[in-house]
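Colleague: Input file: run_6.pdb. Contents: PDB, C-alpha atoms.
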```
ATOM      1  CA  MET A   1      57.705 170.134 109.122
ATOM      2  CA  LYS A   2      57.849 171.449 105.545
ATOM      3  CA  ARG A   3      60.732 173.764 106.511
ATOM      4  CA  PHE A   4      62.625 170.842 108.054
ATOM      5  CA  PHE A   5      62.432 168.813 104.819
ATOM      6  CA  SER A   6      63.390 171.862 102.733
ATOM      7  CA  ALA A   7      66.458 172.438 104.942
ATOM      8  CA  LEU A   8      67.350 168.742 104.726
ATOM      9  CA  LEU A   9      67.024 168.812 100.926
ATOM     10  CA  LEU A  10      69.218 171.934 100.671
ATOM     11  CA  ALA A  11      71.874 170.365 102.922
ATOM     12  CA  GLY A  12      71.847 167.198 100.816
ATOM     13  CA  CYS A  13      72.218 169.182  97.568
ATOM     14  CA  ALA A  14      75.087 171.207  99.041
ATOM     15  CA  THR A  15      76.887 167.986 100.018
ATOM     16  CA  LEU A  16      76.417 166.520  96.529
ATOM     17  CA  LEU A  17      77.640 169.718  94.852
ATOM     18  CA  ALA A  18      80.709 169.822  97.109
ATOM     19  CA  ALA A  19      81.513 166.219  96.136
ATOM     20  CA  CYS A  20      81.271 167.182  92.451
ATOM     21  CA  GLY A  21      83.690 170.085  92.841
ATOM     22  CA  PRO A  22      87.280 169.969  91.618
ATOM     23  CA  SER A  23      89.428 167.693  93.747
ATOM     24  CA  LYS A  24      93.200 167.614  93.904
ATOM     25  CA  PRO A  25      94.484 165.004  91.452
ATOM     26  CA  GLU A  26      96.331 162.092  93.008
ATOM     27  CA  LEU A  27     100.027 162.077  92.133
ATOM     28  CA  LYS A  28     101.040 159.013  90.126
ATOM     29  CA  PHE A  29     104.668 158.338  91.020
ATOM     30  CA  ASN A  30     106.887 155.861  89.176
ATOM     31  CA  ASN A  31     108.825 155.104  92.343
ATOM     32  CA  THR A  32     107.611 153.810  95.719
ATOM     33  CA  ASP A  33     105.395 156.358  97.487
ATOM     34  CA  VAL A  34     106.412 156.366 101.170
ATOM     35  CA  THR A  35     104.566 159.561 102.154
ATOM     36  CA  GLY A  36     103.940 159.626 105.903
ATOM     37  CA  LEU A  37     106.776 157.311 106.969
ATOM     38  CA  ASP A  38     107.448 157.581 110.690
ATOM     39  CA  TYR A  39     111.217 157.494 110.143
ATOM     40  CA  ALA A  40     113.728 159.178 107.788
ATOM     41  CA  LYS A  41     112.806 162.565 109.267
ATOM     42  CA  ASP A  42     116.139 164.365 109.656
ATOM     43  CA  PHE A  43     119.915 164.165 109.969
ATOM     44  CA  ALA A  44     122.804 166.171 111.419
ATOM     45  CA  LEU A  45     125.958 165.725 109.329
ATOM     46  CA  THR A  46     128.752 167.837 107.843
ATOM     47  CA  ASP A  47     129.014 168.537 104.123
ATOM     48  CA  HIS A  48     132.187 168.212 102.048
ATOM     49  CA  ASN A  49     132.855 171.946 102.534
ATOM     50  CA  GLY A  50     132.909 171.532 106.331
ATOM     51  CA  LYS A  51     129.459 173.091 106.900
ATOM     52  CA  PRO A  52     127.057 171.415 109.397
ATOM     53  CA  ARG A  53     123.838 170.382 107.642
ATOM     54  CA  THR A  54     120.301 169.273 108.495
ATOM     55  CA  LEU A  55     117.313 168.666 106.242
ATOM     56  CA  ALA A  56     115.948 172.148 107.050
ATOM     57  CA  ASP A  57     118.884 173.699 105.136
ATOM     58  CA  PHE A  58     117.322 172.513 101.881
ATOM     59  CA  LYS A  59     113.712 173.634 102.414
ATOM     60  CA  GLY A  60     112.224 174.813  99.130
ATOM     61  CA  LYS A  61     114.108 172.151  97.165
ATOM     62  CA  VAL A  62     113.352 168.532  96.351
ATOM     63  CA  VAL A  63     116.064 166.525  98.135
ATOM     64  CA  VAL A  64     117.389 163.184  96.879
ATOM     65  CA  MET A  65     119.458 161.382  99.523
ATOM     66  CA  PHE A  66     121.658 158.372  98.769
ATOM     67  CA  PHE A  67     123.853 156.311 101.130
ATOM     68  CA  GLY A  68     127.103 154.909  99.760
ATOM     69  CA  TYR A  69     130.887 155.226  99.803
ATOM     70  CA  THR A  70     133.496 156.562  97.413
ATOM     71  CA  GLN A  71     135.390 153.288  96.891
ATOM     72  CA  CYS A  72     132.200 151.449  95.884
ATOM     73  CA  PRO A  73     132.878 149.625  92.596
ATOM     74  CA  ASP A  74     129.383 149.586  91.109
ATOM     75  CA  VAL A  75     126.136 150.763  92.776
ATOM     76  CA  CYS A  76     127.397 154.142  94.017
ATOM     77  CA  PRO A  77     129.020 155.476  90.844
ATOM     78  CA  THR A  78     126.122 154.252  88.670
ATOM     79  CA  THR A  79     123.603 155.924  91.014
ATOM     80  CA  MET A  80     125.581 159.167  90.924
ATOM     81  CA  ILE A  81     125.759 159.034  87.106
ATOM     82  CA  GLU A  82     121.994 158.442  86.974
ATOM     83  CA  MET A  83     121.447 161.417  89.283
ATOM     84  CA  ALA A  84     123.661 163.600  87.068
ATOM     85  CA  ASN A  85     121.507 162.525  84.096
ATOM     86  CA  VAL A  86     118.338 163.382  86.043
ATOM     87  CA  MET A  87     119.738 166.876  86.621
ATOM     88  CA  LYS A  88     120.424 167.256  82.876
ATOM     89  CA  GLU A  89     116.882 166.100  82.007
ATOM     90  CA  LEU A  90     115.375 168.561  84.507
ATOM     91  CA  GLY A  91     117.040 171.502  82.767
ATOM     92  CA  PRO A  92     116.457 174.776  84.677
ATOM     93  CA  ASP A  93     114.397 172.895  87.317
ATOM     94  CA  ALA A  94     117.599 171.125  88.414
ATOM     95  CA  ASP A  95     118.438 174.211  90.496
ATOM     96  CA  LYS A  96     115.406 173.338  92.667
ATOM     97  CA  VAL A  97     116.860 169.889  93.466
ATOM     98  CA  GLN A  98     119.571 168.961  95.983
ATOM     99  CA  VAL A  99     121.342 165.616  95.725
ATOM    100  CA  LEU A 100     123.006 164.424  98.945
ATOM    101  CA  PHE A 101     125.534 161.572  99.046
ATOM    102  CA  VAL A 102     125.880 160.254 102.620
ATOM    103  CA  THR A 103     128.963 158.138 103.228
ATOM    104  CA  VAL A 104     128.685 154.905 105.210
ATOM    105  CA  ASP A 105     132.498 154.726 105.279
ATOM    106  CA  PRO A 106     133.626 157.823 107.212
ATOM    107  CA  GLU A 107     136.975 156.229 108.083
ATOM    108  CA  ARG A 108     138.132 156.468 104.467
ATOM    109  CA  ASP A 109     135.711 159.093 103.140
ATOM    110  CA  THR A 110     137.233 162.196 104.665
ATOM    111  CA  GLN A 111     135.945 165.683 103.897
ATOM    112  CA  GLU A 112     138.724 166.053 101.307
ATOM    113  CA  VAL A 113     137.898 162.737  99.589
ATOM    114  CA  LEU A 114     134.181 163.612  99.430
ATOM    115  CA  SER A 115     134.947 167.111  98.111
ATOM    116  CA  GLN A 116     136.751 165.558  95.137
ATOM    117  CA  TYR A 117     134.408 162.613  94.500
ATOM    118  CA  VAL A 118     130.857 163.978  94.858
ATOM    119  CA  PRO A 119     131.019 167.235  92.803
ATOM    120  CA  ALA A 120     132.804 165.341  89.999
ATOM    121  CA  PHE A 121     129.343 164.023  89.018
ATOM    122  CA  ASP A 122     127.620 167.424  89.304
ATOM    123  CA  LYS A 123     129.005 170.525  91.002
ATOM    124  CA  ARG A 124     125.685 171.042  92.847
ATOM    125  CA  PHE A 125     125.852 167.641  94.588
ATOM    126  CA  LEU A 126     126.892 167.575  98.250
ATOM    127  CA  GLY A 127     128.730 164.846 100.119
ATOM    128  CA  LEU A 128     127.768 164.388 103.777
ATOM    129  CA  ARG A 129     129.660 162.641 106.531
ATOM    130  CA  GLY A 130     129.730 162.157 110.273
ATOM    131  CA  ASP A 131     131.966 160.321 112.698
ATOM    132  CA  LEU A 132     131.213 156.634 113.345
ATOM    133  CA  PRO A 133     128.485 157.271 115.991
ATOM    134  CA  GLN A 134     126.812 159.956 113.799
ATOM    135  CA  THR A 135     126.907 157.613 110.793
ATOM    136  CA  GLU A 136     125.352 154.842 112.867
ATOM    137  CA  LYS A 137     122.643 157.234 114.124
ATOM    138  CA  VAL A 138     121.642 158.531 110.675
ATOM    139  CA  ALA A 139     121.673 155.005 109.194
ATOM    140  CA  LYS A 140     119.383 153.861 112.001
ATOM    141  CA  GLU A 141     117.043 156.850 111.451
ATOM    142  CA  PHE A 142     116.804 156.004 107.731
ATOM    143  CA  LYS A 143     116.755 152.211 108.285
ATOM    144  CA  VAL A 144     119.823 151.847 106.068
ATOM    145  CA  PHE A 145     121.855 148.664 106.389
ATOM    146  CA  TYR A 146     125.656 148.803 106.060
ATOM    147  CA  GLN A 147     128.597 146.692 107.195
ATOM    148  CA  LYS A 148     132.271 146.158 106.462
ATOM    149  CA  VAL A 149     133.231 143.141 104.376
ATOM    150  CA  PRO A 150     136.921 142.155 104.773
ATOM    151  CA  GLY A 151     138.941 142.140 101.546
ATOM    152  CA  LYS A 152     141.655 139.766 100.342
ATOM    153  CA  GLN A 153     144.483 142.025 101.503
ATOM    154  CA  PRO A 154     145.036 142.737 105.234
ATOM    155  CA  GLY A 155     143.222 145.945 106.208
ATOM    156  CA  SER A 156     141.276 146.144 102.938
ATOM    157  CA  TYR A 157     137.497 146.032 102.907
ATOM    158  CA  THR A 158     134.352 146.878 100.997
ATOM    159  CA  MET A 159     131.006 148.034 102.397
ATOM    160  CA  ASP A 160     127.719 146.233 101.929
ATOM    161  CA  HIS A 161     124.900 148.788 102.080
ATOM    162  CA  THR A 162     121.290 149.490 101.157
ATOM    163  CA  ALA A 163     121.091 150.536  97.503
ATOM    164  CA  GLY A 164     118.325 153.078  97.122
ATOM    165  CA  SER A 165     117.549 156.762  97.484
ATOM    166  CA  TYR A 166     115.094 158.745  99.579
ATOM    167  CA  VAL A 167     113.288 161.724  98.068
ATOM    168  CA  PHE A 168     111.878 164.618 100.121
ATOM    169  CA  ASP A 169     109.460 167.249  98.847
ATOM    170  CA  THR A 170     110.098 170.996  99.014
ATOM    171  CA  GLN A 171     108.655 171.121 102.554
ATOM    172  CA  GLY A 172     111.129 168.506 103.820
ATOM    173  CA  HIS A 173     108.611 165.643 103.996
ATOM    174  CA  ILE A 174     109.647 162.143 102.963
ATOM    175  CA  ARG A 175     107.790 161.147  99.772
ATOM    176  CA  LEU A 176     109.599 158.449  97.777
ATOM    177  CA  PHE A 177     111.974 155.529  97.952
ATOM    178  CA  VAL A 178     113.859 154.930  94.701
ATOM    179  CA  LYS A 179     115.261 151.449  94.110
ATOM    180  CA  HIS A 180     118.672 151.236  92.471
ATOM    181  CA  GLY A 181     118.692 150.927  88.689
ATOM    182  CA  GLN A 182     115.303 152.517  87.898
ATOM    183  CA  GLY A 183     116.796 154.748  85.220
ATOM    184  CA  PRO A 184     116.828 158.564  85.200
ATOM    185  CA  GLN A 185     113.492 159.049  83.380
ATOM    186  CA  THR A 186     111.382 157.542  86.182
ATOM    187  CA  LEU A 187     112.926 159.811  88.813
ATOM    188  CA  THR A 188     112.829 162.891  86.550
ATOM    189  CA  HIS A 189     109.071 162.355  86.137
ATOM    190  CA  ASP A 190     108.536 162.067  89.904
ATOM    191  CA  ILE A 191     110.668 165.096  90.743
ATOM    192  CA  LYS A 192     108.678 167.192  88.257
ATOM    193  CA  LEU A 193     105.464 166.132  90.021
ATOM    194  CA  LEU A 194     106.930 167.175  93.380
ATOM    195  CA  LEU A 195     108.044 170.548  91.996
ATOM    196  CA  ASN A 196     104.560 171.410  90.629
TER     197      ASN A 196
END
```
Could you write out this structure as structure tokens?
Modeller:
Amino acid sequence: MKRFFSALLLAGCATLLAACGPSKPELKFNNTDVTGLDYAKDFALTDHNGKPRTLADFKGKVVVMFFGYTQCPDVCPTTMIEMANVMKELGPDADKVQVLFVTVDPERDTQEVLSQYVPAFDKRFLGLRGDLPQTEKVAKEFKVFYQKVPGKQPGSYTMDHTAGSYVFDTQGHIRLFVKHGQGPQTLTHDIKLLLN
């Protein structure tokens, strides 16, 4: 009986000591932590150089993915400028980050148009596109809303779309949703956490 209580006491002490050991600190993100989402897992699109791309191509890098279109008058260019500023703030760590601009307007955003627009913000940025069914499929996978809004002139239109970015860690797992207009410092902070 004495041995039983001694063994029980030792087991209890071992459990307490294990609980006192160093634990992994919880990451405190500025943006919305969406770790473990059951969507936004992958895509199959073509980049502005004509190369087929999936998320696996960027393993080892933090990936920031934004949906927009090149003729967008406000949200898209300001997001791209913010992302360029994030890259500047990251310094040498910027080479471990891949920014992807996915067009929701493939009819006008040809490979040539994307190849001029996207790298103008930062030469490392990649524009991605698909045909209409591929665009619909990737938007559905990422739960991104988009639709054409007729303009004043016949045949002219704008695109309403979700304004926000998804961030994946270096293993290709979805981690963050970044609302439009958060400012570059908040995202720079979060990317640094994901790179450590």
Colleague: Tell me which protein, DNA and RNA residues are within 7 Å of stretch 182-195 of chain A, counting only C-alpha atoms, leaving out same-chain ones fewer than 2 positions away, and put them as a count of residues only.
Modeller: 11
Colleague: Which residues, written as a VMD selection string, have at least one atom at most 9 Å from A:Val63, with only C-alpha atoms counted and residues fewer than 3 positions away on the same chain left out?
Modeller: chain A and resid 55 58 to 59 96 to 100 166 to 170 172
Colleague: Would you mind telling me which residue in A:Met87, A:Val102, A:Ala94, A:Leu114 lies nearest to A:Phe66 when using all atoms listed in the file?
Modeller: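 Looking at the shortest contact to A:Phe66, the residue is A:Val102.
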Colleague: Between atom CA of A:Gln134 and atom CA of A:Asp42, what is the spacing in Å?
Modeller: 12.3 Å
Colleague: Please compute the atom CA of A:Gly164-atom CA of A:Phe142 distance, one decimal, in Å.
Modeller: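 If I compute the distance from atom CA of A:Gly164 to atom CA of A:Phe142, I get 11.1 Å.
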Colleague: With all atoms listed in the file as the basis for distance, which of A:Met65, A:Leu132, A:Ala139, A:Val113 is at the shortest distance from A:Asn49?
Modeller: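 Ranked by minimum distance to A:Asn49, first place goes to A:Val113.
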Colleague: From the set A:Val104, A:Cys72, A:Leu27, A:Met80, which residue has the shortest atom-to-atom contact distance to A:Leu126, counting only C-alpha atoms?
Modeller: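 Checking each of A:Val104, A:Cys72, A:Leu27, A:Met80 against A:Leu126, counting only C-alpha atoms, the winner is A:Met80.
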Colleague: Pick from A:Ser156, A:Asn196, A:Ser115, A:Thr135: nearest to A:Asp47, with only C-alpha atoms counted?
Modeller: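 Closest candidate: A:Ser115.
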Colleague: Taking all atoms listed in the file into account, name the residue in A:Lys51, A:Arg175, A:Pro119, A:His161 that is nearest to A:Phe145.
Modeller: A:His161
Colleague: Counting only C-alpha atoms, what is within 10 Å of A:Tyr157, bar same-chain residues fewer than 6 positions away, as a list in words?
Modeller: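 These residues fall inside the cut-off: Gln71, Gln147, Lys148, Val149, Pro150 and Gly151 of chain A.
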Colleague: The PyMOL selection byres ((chain A and resi 177) around 6) on the file shown: which residues, as a ChimeraX atom specification?
Modeller: /A:32,165-166,176,178
Colleague: Return the padded bounding box of stretch 175-182 of chain A as lines of an AutoDock Vina configuration file: axis-aligned, built from all atoms listed in the file, 4 Å added on each side, with centre and edge lengths in Å to one decimal.
Modeller:
```
center_x = 113.2
center_y = 156.0
center_z = 93.8
size_x = 18.9
size_y = 18.2
size_z = 19.9
```
Colleague: Which is closest to A:Lys123 among A:Glu141, A:Asp95, A:Glu136, A:Asp105, if we use all atoms listed in the file?
Modeller: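 Answer, going by the shortest atom-to-atom distance: A:Asp95.
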